[in-house]
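Here is the structure we will look at, set down as structure tokens.
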Amino acid sequence: MTRAFLIVIDSVGIGGAPDADRFYNDGVPDSGANSIGHIAEACAGGHAEDGRSGPLHMPNLAGLGLGHALELASGVTAPALMAAPAGAWGTATEVSPGKDTPSGHWELAGVPVPWDWHYFTSATDSFPPDLIDAVKAHAGTEGILGNCHASGTNIIDQLGEDHIRTGWPICYTSADSVFQIAAHEEHFGLDRLLDLCRDLAPRLHAMKVGRVIARPFIGAAGDFTRTANRRDFAIAPPAPTLCDWAQTAGRAVHAVGKIGDIFSMQGIDEVRKGADTALMGHLSDLAAEAPAGALVFANLVEFDSIHGHRRDVSGYARHLEWFDAALGRLMAQLRAGDLLLVTADHGNDPTWVGTDHTRERVPVLAHGLGARALGHMAFSDVAALVADHLGIEKGAA
């Protein structure tokens with residue numbers, strides 16, 4: 001039996017979502033957002049020169065058909081990404097009513113979201129009093145900090161010192177359906193933060209808030225840094241996903257990155273975490289170790305969390321080029337008959353207004369299916385490709 005490696009490069013969209021006008025950043029519709037297209041344009045124009053230089057250089061992704069997928073999705077041509085495809089390539093369009101992590105991943109795994117998410121829409125005083133009271137009760141504090149929309153890195157810079165002084169948790173949200181709590185690993189305590197988020201999760205999930213996210217950080221004023229101990233407490237998927245299908249068929253399911261959190265550990269046998277560099281190391285190890293018939297499902301989050309939300313074009317381009325080189329080494333390790341699929345869950349155009357995700361189509365690039373066009377696809381078609389390759393029943397629980 002062959003194996004399947006499904007890698008989600010978080011937020012690497014390619015524009016063209018037909019309903020982008022229904023999704024917003026700072027009151028501006030996402031129409032025209034294009035993460036890869038605009039990054040490639042900035043690089044070609046010499047506007048992404050911090051730590052790198054010149055046109056966007058991704059020979060492995062280009063060789064799988066990224067440039068052709070970009071053109072199909074949005075009509076944008078990026079000369080540096082055009083190559084005769086040696087892989088199978090296409091573009092996928094989401095139907096779930098969101099541009100967030102659970103919606104994208106669940107649908108990629110075969111389960112579109114059947115409900116509307118709850119969002120905290122007010123930029124300030126974002127949370128209802130009863131929720132704030134619940135946070136205070138579970139945390140054992142007299143108050144909270146934040147209570148607003150914010151960038152996770154900015155808010156710890158702004159409120160980290162007050163957090164250490166008062167002991168109050170920093171609570172914030174975004175345009176996504178999330179409730180996030182930042183706290184200092186030493187002064188507040190990592191276990192205490194995780195327990196707080198775990199205790200609050202059922203209440204938030206009942207409101208159809210997709211995720212409660214623990215955002216631990218370390219350091220002192222002027223030098224606060226988020227750690228790799230982030231934990232997402234997500235609503236469980238409403239139906240069996242690709243992970244369940246594989247596990248039901250007796251296959252090993254390895255989660256790399258935050259996949260275990262996104263799927264509430266349903267259908268997951270093993271989890272390997274870390275920064276993106278460590279995650280590529282885990283994927284390399286699994287290319288050597290994973291048994292026949294295994295599903296390896298990975299999310300690399302730093303495109304999104306470090307570069308997209310911060311609107312850091314050069315940093316995003318650097319990370320893309322790093323991943324492309326690492327991907328080439330990983331593909332060289334695969335066994336005959338293995339399938340490797342690279343896709344994304346939404347966009348986060350670093351040239352766009354605001355700080356939130358952008359509604360975009362995503363690339364679907366495959367090594368192991370031969371050189372062919374996959375055309376326009378649904379997100380759920382990605383799960384079907386993997387299931388067909390592994391010879392497992394779709395929808396099995």
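Residue names in the structure tokens use chain letters A, B, ... in the order shown, residue numbers from 1 in each chain, and ligand numbers from 1 in the order shown.
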
Pull the closest atom pair for each residue of stretch 282-337 of chain A that gets at most 12 Å from stretch 373-391 of chain A, along with the distance in Å to one decimal, counting only C-alpha atoms, ordering rows by chain and then ascending residue number, as JSON lines.
```
{"residue": "A:Ala292", "atom": "CA", "partner": "A:Leu390", "partner_atom": "CA", "distance": 9.6}
{"residue": "A:Gly293", "atom": "CA", "partner": "A:Leu390", "partner_atom": "CA", "distance": 6.3}
{"residue": "A:Ala294", "atom": "CA", "partner": "A:Leu390", "partner_atom": "CA", "distance": 8.1}
{"residue": "A:Leu295", "atom": "CA", "partner": "A:Leu390", "partner_atom": "CA", "distance": 8.2}
{"residue": "A:Val296", "atom": "CA", "partner": "A:Val386", "partner_atom": "CA", "distance": 10.5}
{"residue": "A:Phe297", "atom": "CA", "partner": "A:Val386", "partner_atom": "CA", "distance": 10.5}
{"residue": "A:Gly337", "atom": "CA", "partner": "A:His389", "partner_atom": "CA", "distance": 9.2}
```

With C-alpha atoms retained, could you export that selection as a PDB file, in the first residue's frame?
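File written: part_38.pdb
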```pdb
ATOM      1  CA  ALA A 292       2.351   1.591   4.150  1.00  0.00           C
ATOM      2  CA  GLY A 293      -1.163   2.988   3.808  1.00  0.00           C
ATOM      3  CA  ALA A 294      -0.561   5.857   6.244  1.00  0.00           C
ATOM      4  CA  LEU A 295      -2.079   9.331   6.035  1.00  0.00           C
ATOM      5  CA  VAL A 296       0.247  12.164   7.055  1.00  0.00           C
ATOM      6  CA  PHE A 297      -1.718  15.421   7.440  1.00  0.00           C
ATOM      7  CA  GLY A 337       3.608   5.261  -5.380  1.00  0.00           C
TER       8      GLY A 337
END
```

_Residue neighbourhood A:Gly37, 7 Å, only C-alpha atoms, exclusion window fewer than 3 positions, as an MDAnalysis selection string_ = chainID A and resid 14 34 40:41 76 78

Writer output for current selection, C-alpha atoms, as a PDB file, in the first residue's frame:
```pdb
ATOM      1  CA  ILE A  14      -4.206  32.357  -5.206  1.00  0.00           C
ATOM      2  CA  ASN A  34      -4.388  37.386  -4.118  1.00  0.00           C
ATOM      3  CA  ALA A  40       5.088  37.512  -6.780  1.00  0.00           C
ATOM      4  CA  GLU A  41       4.294  40.976  -8.158  1.00  0.00           C
ATOM      5  CA  VAL A  76      -2.999  36.468 -12.921  1.00  0.00           C
ATOM      6  CA  ALA A  78       3.458  35.326 -12.586  1.00  0.00           C
TER       7      ALA A  78
END
```

*asked:* Can you tell me which residues surround stretch 84-94 of chain A at a distance of at most 7 Å, considering only C-alpha atoms, apart from same-chain residues fewer than 3 positions away, and format the answer as a PyMOL selection string?
replied: chain A and resi 17+63-65+69+73+361-367+369-379

Contacts of A:Asp324 within 7 Å, only C-alpha atoms, excl. fewer than 3 positions in-chain, as a PDB file with N, CA and C atoms, in the first residue's frame:
```pdb
ATOM      1  N   MET A  58      10.615  29.731  -6.588  1.00  0.00           N
ATOM      2  CA  MET A  58      10.019  28.511  -6.040  1.00  0.00           C
ATOM      3  C   MET A  58       9.985  27.442  -7.131  1.00  0.00           C
ATOM      4  N   ASN A  60      10.307  24.213  -7.178  1.00  0.00           N
ATOM      5  CA  ASN A  60       9.600  22.953  -6.937  1.00  0.00           C
ATOM      6  C   ASN A  60       8.092  23.131  -7.025  1.00  0.00           C
ATOM      7  N   LEU A  61       7.565  24.179  -6.409  1.00  0.00           N
ATOM      8  CA  LEU A  61       6.135  24.446  -6.522  1.00  0.00           C
ATOM      9  C   LEU A  61       5.762  24.849  -7.942  1.00  0.00           C
ATOM     10  N   LEU A 320       8.054  31.300   1.857  1.00  0.00           N
ATOM     11  CA  LEU A 320       7.689  30.513   0.684  1.00  0.00           C
ATOM     12  C   LEU A 320       8.928  29.881   0.047  1.00  0.00           C
ATOM     13  N   GLU A 321       9.978  30.652  -0.096  1.00  0.00           N
ATOM     14  CA  GLU A 321      11.195  30.133  -0.732  1.00  0.00           C
ATOM     15  C   GLU A 321      11.866  29.078   0.148  1.00  0.00           C
ATOM     16  N   LEU A 327      10.588  21.412   0.476  1.00  0.00           N
ATOM     17  CA  LEU A 327       9.684  20.511  -0.235  1.00  0.00           C
ATOM     18  C   LEU A 327      10.444  19.665  -1.249  1.00  0.00           C
ATOM     19  N   GLY A 328      11.409  20.262  -1.928  1.00  0.00           N
ATOM     20  CA  GLY A 328      12.213  19.501  -2.883  1.00  0.00           C
ATOM     21  C   GLY A 328      12.940  18.350  -2.211  1.00  0.00           C
TER      22      GLY A 328
END
```

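From atom CA of A:Thr124 back to atom CA of A:Ala206, the distance works out to 22.7 Å.
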
If you take only C-alpha atoms and a cut-off of 10 Å, which residues of stretch 19-98 of chain A touch stretch 116-121 of chain A, and what are their nearest atom pairs and distances in Å to one decimal, in chain and number order, as CSV?
```
residue,atom,partner,partner_atom,distance
A:Ser96,CA,A:Asp116,CA,8.6
A:Pro97,CA,A:Asp116,CA,6.4
A:Gly98,CA,A:Trp117,CA,7.5
```

*For A:Asp191, work out the shell of residues within 12 Å, counting only C-alpha atoms and skipping chain neighbours fewer than 3 positions away, then give it as a PyMOL selection string.*
chain A and resi 139+183-188+194-198+214-216+229-231

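Atom to atom, atom CA of A:Val353 and atom CA of A:Arg311 stand 8.5 Å apart.
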
*Best match for closeness to A:Gly152 among A:Met82, A:Ile164, A:Ala182, A:Ala201, counting only C-alpha atoms*: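 Of A:Met82, A:Ile164, A:Ala182, A:Ala201, the one nearest A:Gly152, counting only C-alpha atoms, is A:Ala182.
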
*List the neighbours of A:Leu339 out to 7 Å using only C-alpha atoms; skip same-chain residues closer than 2 positions along the sequence, and give me the result as a VMD selection string.*
chain A and resid 3 to 5 337 341 367 to 368

Restrict the calculation to only C-alpha atoms, then for each residue of stretch 289-388 of chain A with any atom at most 7 Å from an atom of stretch 273-284 of chain A give the closest atom pair and their distance in Å to one decimal, rows by chain and rising residue number, as a Markdown table.
```
| residue | atom | partner | partner_atom | distance |
| --- | --- | --- | --- | --- |
| A:Leu300 | CA | A:Asp276 | CA | 5.6 |
| A:Glu302 | CA | A:Asp276 | CA | 6.5 |
| A:Leu330 | CA | A:Ser284 | CA | 5.9 |
```

*Please run DSSP on the backbone and report, as number ranges by chain, all residues within stretch 55-238 of chain A that come out as alpha helix (DSSP H).*
A: 59-64, 66-74, 101-108, 129-139, 152-166, 190-206

*List every residue of stretch 81-190 of chain A that DSSP, applied to the backbone of this structure, places in strand (DSSP E or B), and write the result as a ChimeraX atom specification.*
/A:88-93,124,145-149,170-173,178-184

Would you save the residues of that selection, restricted to N, CA and C atoms, as a short mmCIF file (atom, residue, chain, number, x, y, z; two decimals), in the first residue's frame?
```
data_model
loop_
_atom_site.label_atom_id
_atom_site.label_comp_id
_atom_site.auth_asym_id
_atom_site.auth_seq_id
_atom_site.Cartn_x
_atom_site.Cartn_y
_atom_site.Cartn_z
N ALA A 88 0.44 17.22 -10.98
CA ALA A 88 -0.97 17.50 -11.23
C ALA A 88 -1.32 18.79 -10.51
N TRP A 89 -2.07 19.66 -11.18
CA TRP A 89 -2.34 20.98 -10.61
C TRP A 89 -3.77 21.40 -10.89
N GLY A 90 -4.31 22.15 -9.94
CA GLY A 90 -5.64 22.70 -10.08
C GLY A 90 -5.85 23.78 -9.04
N THR A 91 -7.10 24.24 -8.92
CA THR A 91 -7.44 25.24 -7.91
C THR A 91 -8.77 24.86 -7.28
N ALA A 92 -8.88 25.07 -5.97
CA ALA A 92 -10.07 24.67 -5.23
C ALA A 92 -10.79 25.90 -4.69
N THR A 93 -12.12 25.82 -4.69
CA THR A 93 -12.99 26.90 -4.21
C THR A 93 -13.78 26.39 -3.01
N THR A 124 -14.00 47.11 19.60
CA THR A 124 -13.71 47.32 21.02
C THR A 124 -14.90 46.86 21.83
N LEU A 145 -7.91 41.84 30.36
CA LEU A 145 -7.33 42.88 29.53
C LEU A 145 -7.73 42.62 28.08
N GLY A 146 -7.65 43.65 27.26
CA GLY A 146 -7.94 43.48 25.84
C GLY A 146 -9.39 43.76 25.53
N ASN A 147 -10.19 42.69 25.40
CA ASN A 147 -11.61 42.81 25.06
C ASN A 147 -11.79 43.57 23.75
N CYS A 148 -11.04 43.12 22.71
CA CYS A 148 -11.03 43.87 21.46
C CYS A 148 -10.55 42.99 20.31
N HIS A 149 -10.63 43.53 19.11
CA HIS A 149 -9.96 42.93 17.95
C HIS A 149 -8.50 43.36 17.98
N ILE A 170 -5.15 38.28 28.87
CA ILE A 170 -5.38 39.16 27.72
C ILE A 170 -6.32 38.44 26.76
N CYS A 171 -7.52 38.97 26.56
CA CYS A 171 -8.54 38.31 25.73
C CYS A 171 -8.80 39.17 24.50
N TYR A 172 -8.76 38.54 23.34
CA TYR A 172 -8.95 39.30 22.10
C TYR A 172 -9.51 38.39 21.03
N THR A 173 -9.91 38.99 19.92
CA THR A 173 -10.48 38.24 18.81
C THR A 173 -10.03 38.89 17.50
N VAL A 178 -13.12 33.32 16.59
CA VAL A 178 -12.13 32.87 17.57
C VAL A 178 -12.26 33.69 18.85
N PHE A 179 -11.89 33.05 19.96
CA PHE A 179 -11.70 33.72 21.24
C PHE A 179 -10.30 33.34 21.69
N GLN A 180 -9.41 34.33 21.78
CA GLN A 180 -8.01 34.05 22.05
C GLN A 180 -7.61 34.63 23.41
N ILE A 181 -6.79 33.86 24.12
CA ILE A 181 -6.30 34.31 25.43
C ILE A 181 -4.78 34.21 25.43
N ALA A 182 -4.14 35.34 25.63
CA ALA A 182 -2.68 35.39 25.75
C ALA A 182 -2.31 35.52 27.22
N ALA A 183 -1.27 34.79 27.60
CA ALA A 183 -0.79 34.86 28.98
C ALA A 183 0.67 34.46 29.03
N HIS A 184 1.37 34.99 29.99
CA HIS A 184 2.81 34.74 30.15
C HIS A 184 3.02 33.35 30.75
#
```

_Proximity to A:Tyr316 - best of A:Arg22, A:Arg52, A:Lys136, A:Arg203, only C-alpha atoms_ =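 Selected residue with least distance to A:Tyr316: A:Arg52.
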
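If you look at atom CA of A:Ser174 and atom CA of A:Thr355, they are 8.7 Å away from each other.
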
*Find the residues near A:Arg211: any atom within 8 Å, counting only C-alpha atoms, skip ones fewer than 5 places away on the same chain, and give them as a VMD selection string.*
chain A and resid 177 to 179 201 204 to 205 232 to 235

Keeping only C-alpha atoms, take the residues you just selected and write them out as a JSON list (two decimals), in the first residue's frame.
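Result written to out.json:
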```json
[["chain", "number", "residue", "atom", "x", "y", "z"],
["A", 177, "SER", "CA", -14.67, 33.06, 14.75],
["A", 178, "VAL", "CA", -12.13, 32.87, 17.57],
["A", 179, "PHE", "CA", -11.70, 33.72, 21.24],
["A", 201, "ALA", "CA", -14.24, 26.00, 25.26],
["A", 204, "LEU", "CA", -17.77, 29.21, 23.30],
["A", 205, "HIS", "CA", -18.49, 26.16, 21.15],
["A", 232, "ASP", "CA", -6.36, 25.43, 19.72],
["A", 233, "PHE", "CA", -9.54, 24.10, 21.34],
["A", 234, "ALA", "CA", -11.76, 23.70, 18.27],
["A", 235, "ILE", "CA", -15.34, 22.57, 17.83]]
```
